[in-house]
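*Asks:* Contents are mmCIF, C-alpha atoms; file name protein12.cif:
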data_target
loop_
_atom_site.group_PDB
_atom_site.id
_atom_site.type_symbol
_atom_site.label_atom_id
_atom_site.label_comp_id
_atom_site.auth_asym_id
_atom_site.auth_seq_id
_atom_site.Cartn_x
_atom_site.Cartn_y
_atom_site.Cartn_z
ATOM 1 C CA ARG A 26 -21.361 28.477 6.403
ATOM 2 C CA LYS A 27 -17.686 28.020 5.665
ATOM 3 C CA PRO A 28 -16.445 24.421 5.796
ATOM 4 C CA PRO A 29 -14.360 23.381 8.820
ATOM 5 C CA ALA A 30 -10.696 24.249 8.479
ATOM 6 C CA GLY A 31 -9.382 20.732 9.191
ATOM 7 C CA LEU A 32 -10.344 19.142 5.868
ATOM 8 C CA PRO A 33 -7.123 19.951 3.922
ATOM 9 C CA TRP A 34 -4.935 18.934 6.861
ATOM 10 C CA GLY A 35 -6.900 15.742 7.359
ATOM 11 C CA ILE A 36 -6.651 14.713 3.700
ATOM 12 C CA ALA A 37 -2.939 15.560 3.677
ATOM 13 C CA ILE A 38 -2.240 13.506 6.821
ATOM 14 C CA LEU A 39 -4.329 10.623 5.472
ATOM 15 C CA ALA A 40 -2.406 10.608 2.193
ATOM 16 C CA ALA A 41 0.909 10.899 4.047
ATOM 17 C CA GLY A 42 0.017 7.965 6.283
ATOM 18 C CA LEU A 43 -0.856 5.734 3.322
ATOM 19 C CA ALA A 44 2.369 6.785 1.581
ATOM 20 C CA VAL A 45 4.437 5.983 4.689
ATOM 21 C CA GLU A 46 2.802 2.555 4.888
ATOM 22 C CA ALA A 47 3.579 1.736 1.263
ATOM 23 C CA TYR A 48 7.204 2.886 1.581
ATOM 24 C CA ALA A 49 7.778 1.054 4.863
ATOM 25 C CA ALA A 50 6.260 -2.152 3.483
ATOM 26 C CA ARG A 51 8.738 -2.121 0.582
ATOM 27 C CA ALA A 52 11.678 -1.308 2.846
ATOM 28 C CA ALA A 53 10.664 -4.075 5.299
ATOM 29 C CA THR A 54 12.995 -2.836 8.030
ATOM 30 C CA GLY A 55 12.505 -2.264 11.722
ATOM 31 C CA ALA A 56 10.027 -5.036 12.447
ATOM 32 C CA LEU A 57 7.789 -4.384 15.422
ATOM 33 C CA THR A 58 6.202 -7.259 17.327
ATOM 34 C CA LEU A 59 2.802 -6.502 18.825
ATOM 35 C CA PRO A 60 0.418 -8.534 21.012
ATOM 36 C CA SER A 61 -1.209 -11.536 19.388
ATOM 37 C CA ALA A 62 -4.485 -9.693 18.718
ATOM 38 C CA LEU A 63 -2.693 -7.111 16.553
ATOM 39 C CA PRO A 64 -0.804 -7.528 13.289
ATOM 40 C CA THR A 65 2.989 -7.658 13.280
ATOM 41 C CA GLY A 66 4.974 -5.775 10.676
ATOM 42 C CA PRO A 67 7.449 -2.960 10.036
ATOM 43 C CA ALA A 68 7.203 -0.110 12.500
ATOM 44 C CA GLY A 69 6.878 2.352 9.616
ATOM 45 C CA VAL A 70 3.757 0.578 8.355
ATOM 46 C CA LEU A 71 2.107 0.810 11.739
ATOM 47 C CA ALA A 72 3.136 4.468 12.118
ATOM 48 C CA GLY A 73 1.614 5.207 8.719
ATOM 49 C CA TRP A 74 -1.518 3.385 9.786
ATOM 50 C CA ILE A 75 -1.827 5.672 12.816
ATOM 51 C CA LEU A 76 -1.324 8.736 10.616
ATOM 52 C CA ALA A 77 -4.024 7.519 8.244
ATOM 53 C CA THR A 78 -6.583 7.097 11.025
ATOM 54 C CA LEU A 79 -5.664 10.497 12.459
ATOM 55 C CA GLY A 80 -6.163 12.091 9.059
ATOM 56 C CA LEU A 81 -9.555 10.431 8.744
ATOM 57 C CA ALA A 82 -10.619 11.832 12.107
ATOM 58 C CA LEU A 83 -9.444 15.343 11.179
ATOM 59 C CA ALA A 84 -11.094 15.311 7.763
ATOM 60 C CA ALA A 85 -14.481 14.055 8.961
ATOM 61 C CA PRO A 86 -15.980 17.478 9.901
ATOM 62 C CA GLY A 87 -15.183 18.878 6.472
ATOM 63 C CA LEU A 88 -16.560 15.758 4.796
ATOM 64 C CA THR A 89 -19.747 16.076 6.852
ATOM 65 C CA HIS A 90 -20.069 19.671 5.660
ATOM 66 C CA PHE A 91 -19.565 18.428 2.104
ATOM 67 C CA CYS A 92 -22.388 15.883 2.568
ATOM 68 C CA GLY A 93 -24.666 18.747 3.587
ATOM 69 C CA ARG A 94 -23.786 20.619 0.419
ATOM 70 C CA LEU A 95 -24.455 17.569 -1.716
ATOM 71 C CA LEU A 96 -27.907 17.151 -0.198
ATOM 72 C CA GLN A 97 -28.796 20.692 -1.227
ATOM 73 C CA SER A 98 -27.549 20.427 -4.802
ATOM 74 C CA VAL A 99 -29.739 20.169 -7.933
ATOM 75 C CA ARG A 100 -32.981 21.907 -6.926
ATOM 76 C CA PRO A 101 -33.524 20.460 -3.433
ATOM 77 C CA GLY A 102 -36.933 20.084 -1.835
ATOM 78 C CA ALA A 103 -37.846 21.028 1.706
ATOM 79 C CA VAL A 104 -36.583 17.761 3.224
ATOM 80 C CA ARG A 105 -33.237 17.838 1.429
ATOM 81 C CA LEU A 106 -32.770 21.529 2.129
ATOM 82 C CA LEU A 107 -33.461 21.115 5.841
ATOM 83 C CA ALA A 108 -31.252 18.017 6.117
ATOM 84 C CA GLY A 109 -28.385 19.682 4.274
ATOM 85 C CA ARG A 110 -28.545 22.866 6.318
ATOM 86 C CA VAL A 111 -28.481 20.929 9.569
ATOM 87 C CA LEU A 112 -25.479 18.883 8.442
ATOM 88 C CA MET A 113 -23.589 22.025 7.501
ATOM 89 C CA GLU A 114 -24.486 23.658 10.818
ATOM 90 C CA GLU A 115 -23.505 20.645 12.914
ATOM 91 C CA ALA A 116 -20.520 19.537 10.825
ATOM 92 C CA THR A 117 -17.954 20.159 13.548
ATOM 93 C CA ARG A 118 -20.060 18.820 16.419
ATOM 94 C CA ILE A 119 -21.027 15.608 14.629
ATOM 95 C CA GLY A 120 -18.018 15.228 12.343
ATOM 96 C CA ARG A 121 -15.308 14.866 14.964
ATOM 97 C CA PRO A 122 -16.785 11.873 16.839
ATOM 98 C CA LEU A 123 -17.949 10.424 13.511
ATOM 99 C CA GLY A 124 -14.373 10.580 12.262
ATOM 100 C CA VAL A 125 -13.137 8.749 15.356
ATOM 101 C CA VAL A 126 -15.774 6.046 14.872
ATOM 102 C CA CYS A 127 -14.760 5.671 11.230
ATOM 103 C CA ALA A 128 -11.095 5.452 12.229
ATOM 104 C CA VAL A 129 -11.821 2.703 14.766
ATOM 105 C CA ALA A 130 -14.022 0.836 12.280
ATOM 106 C CA SER A 131 -11.330 1.172 9.622
ATOM 107 C CA ALA A 132 -8.670 -0.207 11.956
ATOM 108 C CA ALA A 133 -10.888 -3.124 13.030
ATOM 109 C CA TYR A 134 -11.786 -3.977 9.438
ATOM 110 C CA ALA A 135 -8.158 -3.826 8.358
ATOM 111 C CA MET A 136 -6.859 -5.946 11.252
ATOM 112 C CA ALA A 137 -9.465 -8.718 10.985
ATOM 113 C CA PRO A 138 -8.038 -10.516 7.931
ATOM 114 C CA LEU A 139 -4.485 -10.094 9.229
ATOM 115 C CA SER A 140 -5.135 -12.122 12.350
ATOM 116 C CA ALA A 141 -7.520 -14.680 10.852
ATOM 117 C CA PRO A 142 -5.045 -16.806 8.849
ATOM 118 C CA ALA A 143 -2.844 -17.519 11.855
ATOM 119 C CA ALA A 144 -4.232 -20.619 13.460
ATOM 120 C CA THR A 145 -2.204 -20.100 16.593
ATOM 121 C CA THR A 146 -3.407 -16.528 17.058
ATOM 122 C CA THR A 147 -5.837 -16.218 19.913
ATOM 123 C CA VAL A 148 -7.510 -13.123 21.177
ATOM 124 C CA GLY A 149 -7.227 -13.035 24.941
ATOM 125 C CA PRO A 150 -9.745 -11.556 27.365
ATOM 126 C CA LEU A 151 -7.736 -8.341 27.838
ATOM 127 C CA SER A 152 -7.619 -7.732 24.096
ATOM 128 C CA THR A 153 -11.354 -8.352 23.845
ATOM 129 C CA LEU A 154 -12.023 -6.044 26.772
ATOM 130 C CA GLY A 155 -9.815 -3.315 25.309
ATOM 131 C CA ALA A 156 -11.511 -3.534 21.901
ATOM 132 C CA THR A 157 -14.932 -3.423 23.558
ATOM 133 C CA VAL A 158 -14.030 -0.382 25.653
ATOM 134 C CA VAL A 159 -12.580 1.517 22.690
ATOM 135 C CA THR A 160 -15.540 0.713 20.445
ATOM 136 C CA GLY A 161 -18.081 1.465 23.156
ATOM 137 C CA CYS A 162 -16.480 4.794 24.036
ATOM 138 C CA THR A 163 -16.316 5.963 20.422
ATOM 139 C CA VAL A 164 -19.927 5.000 19.701
ATOM 140 C CA ALA A 165 -21.088 6.575 22.968
ATOM 141 C CA THR A 166 -19.257 9.782 22.069
ATOM 142 C CA LEU A 167 -20.992 9.879 18.686
ATOM 143 C CA LEU A 168 -24.404 9.272 20.262
ATOM 144 C CA THR A 169 -23.743 11.977 22.856
ATOM 145 C CA ALA A 170 -22.811 14.440 20.124
ATOM 146 C CA ALA A 171 -26.006 13.569 18.246
ATOM 147 C CA VAL A 172 -28.099 14.191 21.355
ATOM 148 C CA GLU A 173 -26.331 17.504 22.003
ATOM 149 C CA ALA A 174 -26.940 18.562 18.397
ATOM 150 C CA LYS A 175 -30.612 17.696 18.734
ATOM 151 C CA GLN A 176 -30.872 19.746 21.939
ATOM 152 C CA ALA A 177 -29.100 22.668 20.284
ATOM 153 C CA ARG A 178 -31.723 22.594 17.508
ATOM 154 C CA ALA A 179 -34.644 22.400 19.917
ATOM 155 C CA ASP A 180 -35.615 26.062 19.496
ATOM 156 C CA THR A 181 -35.418 25.851 15.708
ATOM 157 C CA THR A 182 -37.466 22.653 15.678
ATOM 158 C CA ALA A 183 -40.091 24.208 17.925
ATOM 159 C CA ALA A 184 -40.271 27.245 15.647
ATOM 160 C CA LEU A 185 -40.785 25.038 12.598
ATOM 161 C CA VAL A 186 -43.585 23.171 14.364
ATOM 162 C CA ARG A 187 -45.278 26.449 15.299
ATOM 163 C CA LEU A 188 -45.081 27.534 11.651
ATOM 164 C CA GLY A 189 -46.952 24.387 10.649
ATOM 165 C CA ALA A 190 -44.128 22.075 9.554
ATOM 166 C CA PRO A 191 -45.365 18.459 9.773
ATOM 167 C CA THR A 192 -43.515 16.052 12.010
ATOM 168 C CA SER A 193 -43.031 13.769 9.015
ATOM 169 C CA LEU A 194 -40.866 16.485 7.460
ATOM 170 C CA LEU A 195 -38.609 16.597 10.514
ATOM 171 C CA ARG A 196 -38.378 12.796 10.708
ATOM 172 C CA GLY A 197 -37.655 12.575 6.993
ATOM 173 C CA ALA A 198 -34.878 15.146 7.285
ATOM 174 C CA ALA A 199 -33.321 13.255 10.204
ATOM 175 C CA ALA A 200 -33.475 9.945 8.313
ATOM 176 C CA LEU A 201 -32.010 11.583 5.225
ATOM 177 C CA ARG A 202 -29.100 12.998 7.237
ATOM 178 C CA ALA A 203 -28.307 9.610 8.723
ATOM 179 C CA GLY A 204 -28.598 7.914 5.336
ATOM 180 C CA ALA A 205 -26.369 10.469 3.624
ATOM 181 C CA LEU A 206 -23.643 10.094 6.261
ATOM 182 C CA LEU A 207 -23.820 6.313 6.097
ATOM 183 C CA ALA A 208 -23.774 6.287 2.287
ATOM 184 C CA PHE A 209 -20.716 8.550 2.194
ATOM 185 C CA PHE A 210 -18.638 7.452 5.176
ATOM 186 C CA GLY A 211 -19.317 3.707 4.789
ATOM 187 C CA PRO A 212 -17.552 3.242 1.427
ATOM 188 C CA PHE A 213 -14.957 5.876 2.333
ATOM 189 C CA THR A 214 -14.039 3.993 5.510
ATOM 190 C CA LEU A 215 -13.810 0.698 3.627
ATOM 191 C CA ILE A 216 -11.499 2.239 1.027
ATOM 192 C CA VAL A 217 -9.209 3.632 3.725
ATOM 193 C CA ALA A 218 -9.220 0.279 5.543
ATOM 194 C CA GLU A 219 -8.322 -1.630 2.381
ATOM 195 C CA LEU A 220 -5.485 0.768 1.559
ATOM 196 C CA ALA A 221 -4.217 0.671 5.144
ATOM 197 C CA ALA A 222 -4.215 -3.126 5.300
ATOM 198 C CA LEU A 223 -2.712 -3.663 1.843
ATOM 199 C CA PRO A 224 0.976 -3.267 2.858
ATOM 200 C CA LEU A 225 0.610 -5.696 5.759
ATOM 201 C CA VAL A 226 -1.358 -8.242 3.723
ATOM 202 C CA ALA A 227 1.263 -8.142 0.984
ATOM 203 C CA ARG A 228 4.018 -9.158 3.393
#
Here is the file; what I need is its structure written in the form of structure tokens.

*Replies:*
Amino acid sequence: RKPPAGLPWGIAILAAGLAVEAYAARAATGALTLPSALPTGPAGVLAGWILATLGLALAAPGLTHFCGRLLQSVRPGAVRLLAGRVLMEEATRIGRPLGVVCAVASAAYAMAPLSAPAATTTVGPLSTLGATVVTGCTVATLLTAAVEAKQARADTTAALVRLGAPTSLLRGAAALRAGALLAFFGPFTLIVAELAALPLVAR
């Protein structure tokens, strides 16, 4: 299968967002004051931050497809082959909500150290409620997409079982898919969060 078409655009928007943040942090003009739960800084930095998270969400389907290809590289066995094929097949369905989750996690990770040093900064109940709703909705969307992908593969799974595939093979492939996505998107999200927070921390 061809990779999703949004990967180049997503990487380009991500790079543009990080570049806008770095430029705006040096210019240090147009300060924008936000609620106490959010960092305060130049408006250009925050606009670049939004672009970076948008690029991450757009690039996630293509990166998921890439993870599937990596699993099948260098003489794969049955488990790796099955896990990689499923990731490539479901790259768009799983990748989009996964990208949104990574963007939210990146923003939360980047904002945490910015608000911690301020002793007078307090997170009110509305800010806590808003963060909980956003996080809950993104995780629920990802779980819903995973369930839909599993239902879409029901016929294929049933056919494999009829052909004699052991259930341990199917469970191993599912665990390998989850582990591959976590191993790839975890460090990638942390890198994006560190780069996104760097201009604001440096102020």

*Asks:* Would you be able to write out as a list in words which residues have an atom within 10 Å of (-3.9, 12.8, 13.7) in the file's coordinates, counting only C-alpha atoms?

*Replies:*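 Here is the list of nearby residues: Trp34, Gly35, Ile38, Leu39, Gly42, Ile75, Leu76, Ala77, Thr78, Leu79, Gly80, Leu81, Ala82, Leu83 and Ala84 of chain A.
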
*Asks:* Extract, using only C-alpha atoms, all DNA, RNA and protein residues at most 8 Å from Ala170 in chain A, discarding same-chain residues fewer than 5 positions from it, and format them as a VMD selection string.

*Replies:* chain A and resid 118 to 119 122

*Asks:* Between A:Leu168, A:Leu220, A:Ala200, A:Ala184, single out the one closest to Val70 in chain A, counting only C-alpha atoms.

*Replies:*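 Nearest to Val70 in chain A: A:Leu220.
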
*Asks:* So how far away is CA of Val104 in chain A from CA of Gly197 in chain A, in Å?

*Replies:*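 Straight-line distance from CA of Gly197 in chain A to CA of Val104 in chain A works out to 6.5 Å.
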
*Asks:* Taking all atoms of range 27-38 of chain A that appear in the file, build a box with edges along x, y and z, extend it by 8 Å on every side, and state its centre and edge lengths in Å to one decimal, as AutoDock Vina command-line options.

*Replies:*
--center_x -10.0 --center_y 20.8 --center_z 6.4 --size_x 31.4 --size_y 30.5 --size_z 21.5

*Asks:* In terms of the shortest atom-to-atom distance over all atoms listed in the file, which of A:Gly189, A:Pro212, A:Gly69, A:Gly120 is closest to Leu32 in chain A?

*Replies:*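 That would be A:Gly120, the residue with the smallest distance to Leu32 in chain A.
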
*Asks:* Can you pull out the residues contacting Leu112 in chain A? Cut-off 9 Å, using all atoms listed in the file, and skip same-chain residues under 3 positions away; I want them as JSON, numbers by chain.

*Replies:* {"A": [89, 90, 91, 92, 93, 94, 107, 108, 109, 115, 116, 119, 202]}

*Asks:* Care to translate the PyMOL selection byres ((chain A and resi 27) around 10) into actual residues of this file, as a list of chain:residue names?

*Replies:*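 For this structure, the PyMOL selection byres ((chain A and resi 27) around 10) resolves to A:Arg26, A:Pro28, A:Pro29, A:Ala30, A:Gly87, A:His90, A:Met113, A:Glu114.
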
*Asks:* Write to file, as a PDB file, in the frame of the given file, the residues of the selection just made, with C-alpha atoms.

*Replies:*
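out-v3.pdb, written as the output of this step:
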ATOM      1  CA  ARG A  26     -21.361  28.477   6.403  1.00  0.00           C
ATOM      2  CA  PRO A  28     -16.445  24.421   5.796  1.00  0.00           C
ATOM      3  CA  PRO A  29     -14.360  23.381   8.820  1.00  0.00           C
ATOM      4  CA  ALA A  30     -10.696  24.249   8.479  1.00  0.00           C
ATOM      5  CA  GLY A  87     -15.183  18.878   6.472  1.00  0.00           C
ATOM      6  CA  HIS A  90     -20.069  19.671   5.660  1.00  0.00           C
ATOM      7  CA  MET A 113     -23.589  22.025   7.501  1.00  0.00           C
ATOM      8  CA  GLU A 114     -24.486  23.658  10.818  1.00  0.00           C
TER       9      GLU A 114
END

*Asks:* Quick one: of A:Ala198, A:Gly211, A:Met136, A:Leu88, who's nearest to Leu71 in chain A, counting only C-alpha atoms?

*Replies:*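 Smallest separation from Leu71 in chain A among the options: A:Met136.
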
*Asks:* Here is a test: counting only C-alpha atoms, which residue of A:Ala156, A:Ile216, A:Ala174, A:Cys127 is nearest to Ala199 in chain A?

*Replies:*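 Ranked by minimum distance to Ala199 in chain A, first place goes to A:Ala174.
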
*Asks:* Just give me the gap between CA of Thr153 in chain A and CA of Trp74 in chain A in Å, one decimal is fine.

*Replies:*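 Between CA of Thr153 in chain A and CA of Trp74 in chain A the gap works out to 20.8 Å.
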
*Asks:* Record the distance separating CA of Gly155 in chain A and CA of Ala133 in chain A, expressed in Å with one decimal.

*Replies:*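 One can read the CA of Gly155 in chain A to CA of Ala133 in chain A distance as 12.3 Å.
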
*Asks:* So which one's closest to Pro33 in chain A, A:Phe210, A:Arg100, A:Ala85, A:Leu106? Using all atoms listed in the file, please.

*Replies:*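 Among A:Phe210, A:Arg100, A:Ala85, A:Leu106, it is A:Ala85 that comes nearest to Pro33 in chain A.
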
*Asks:* Point out the residue among A:Val158, A:Ala179, A:Tyr48, A:Pro86 with the least atom-to-atom distance to Ile36 in chain A, counting only C-alpha atoms.

*Replies:* A:Pro86
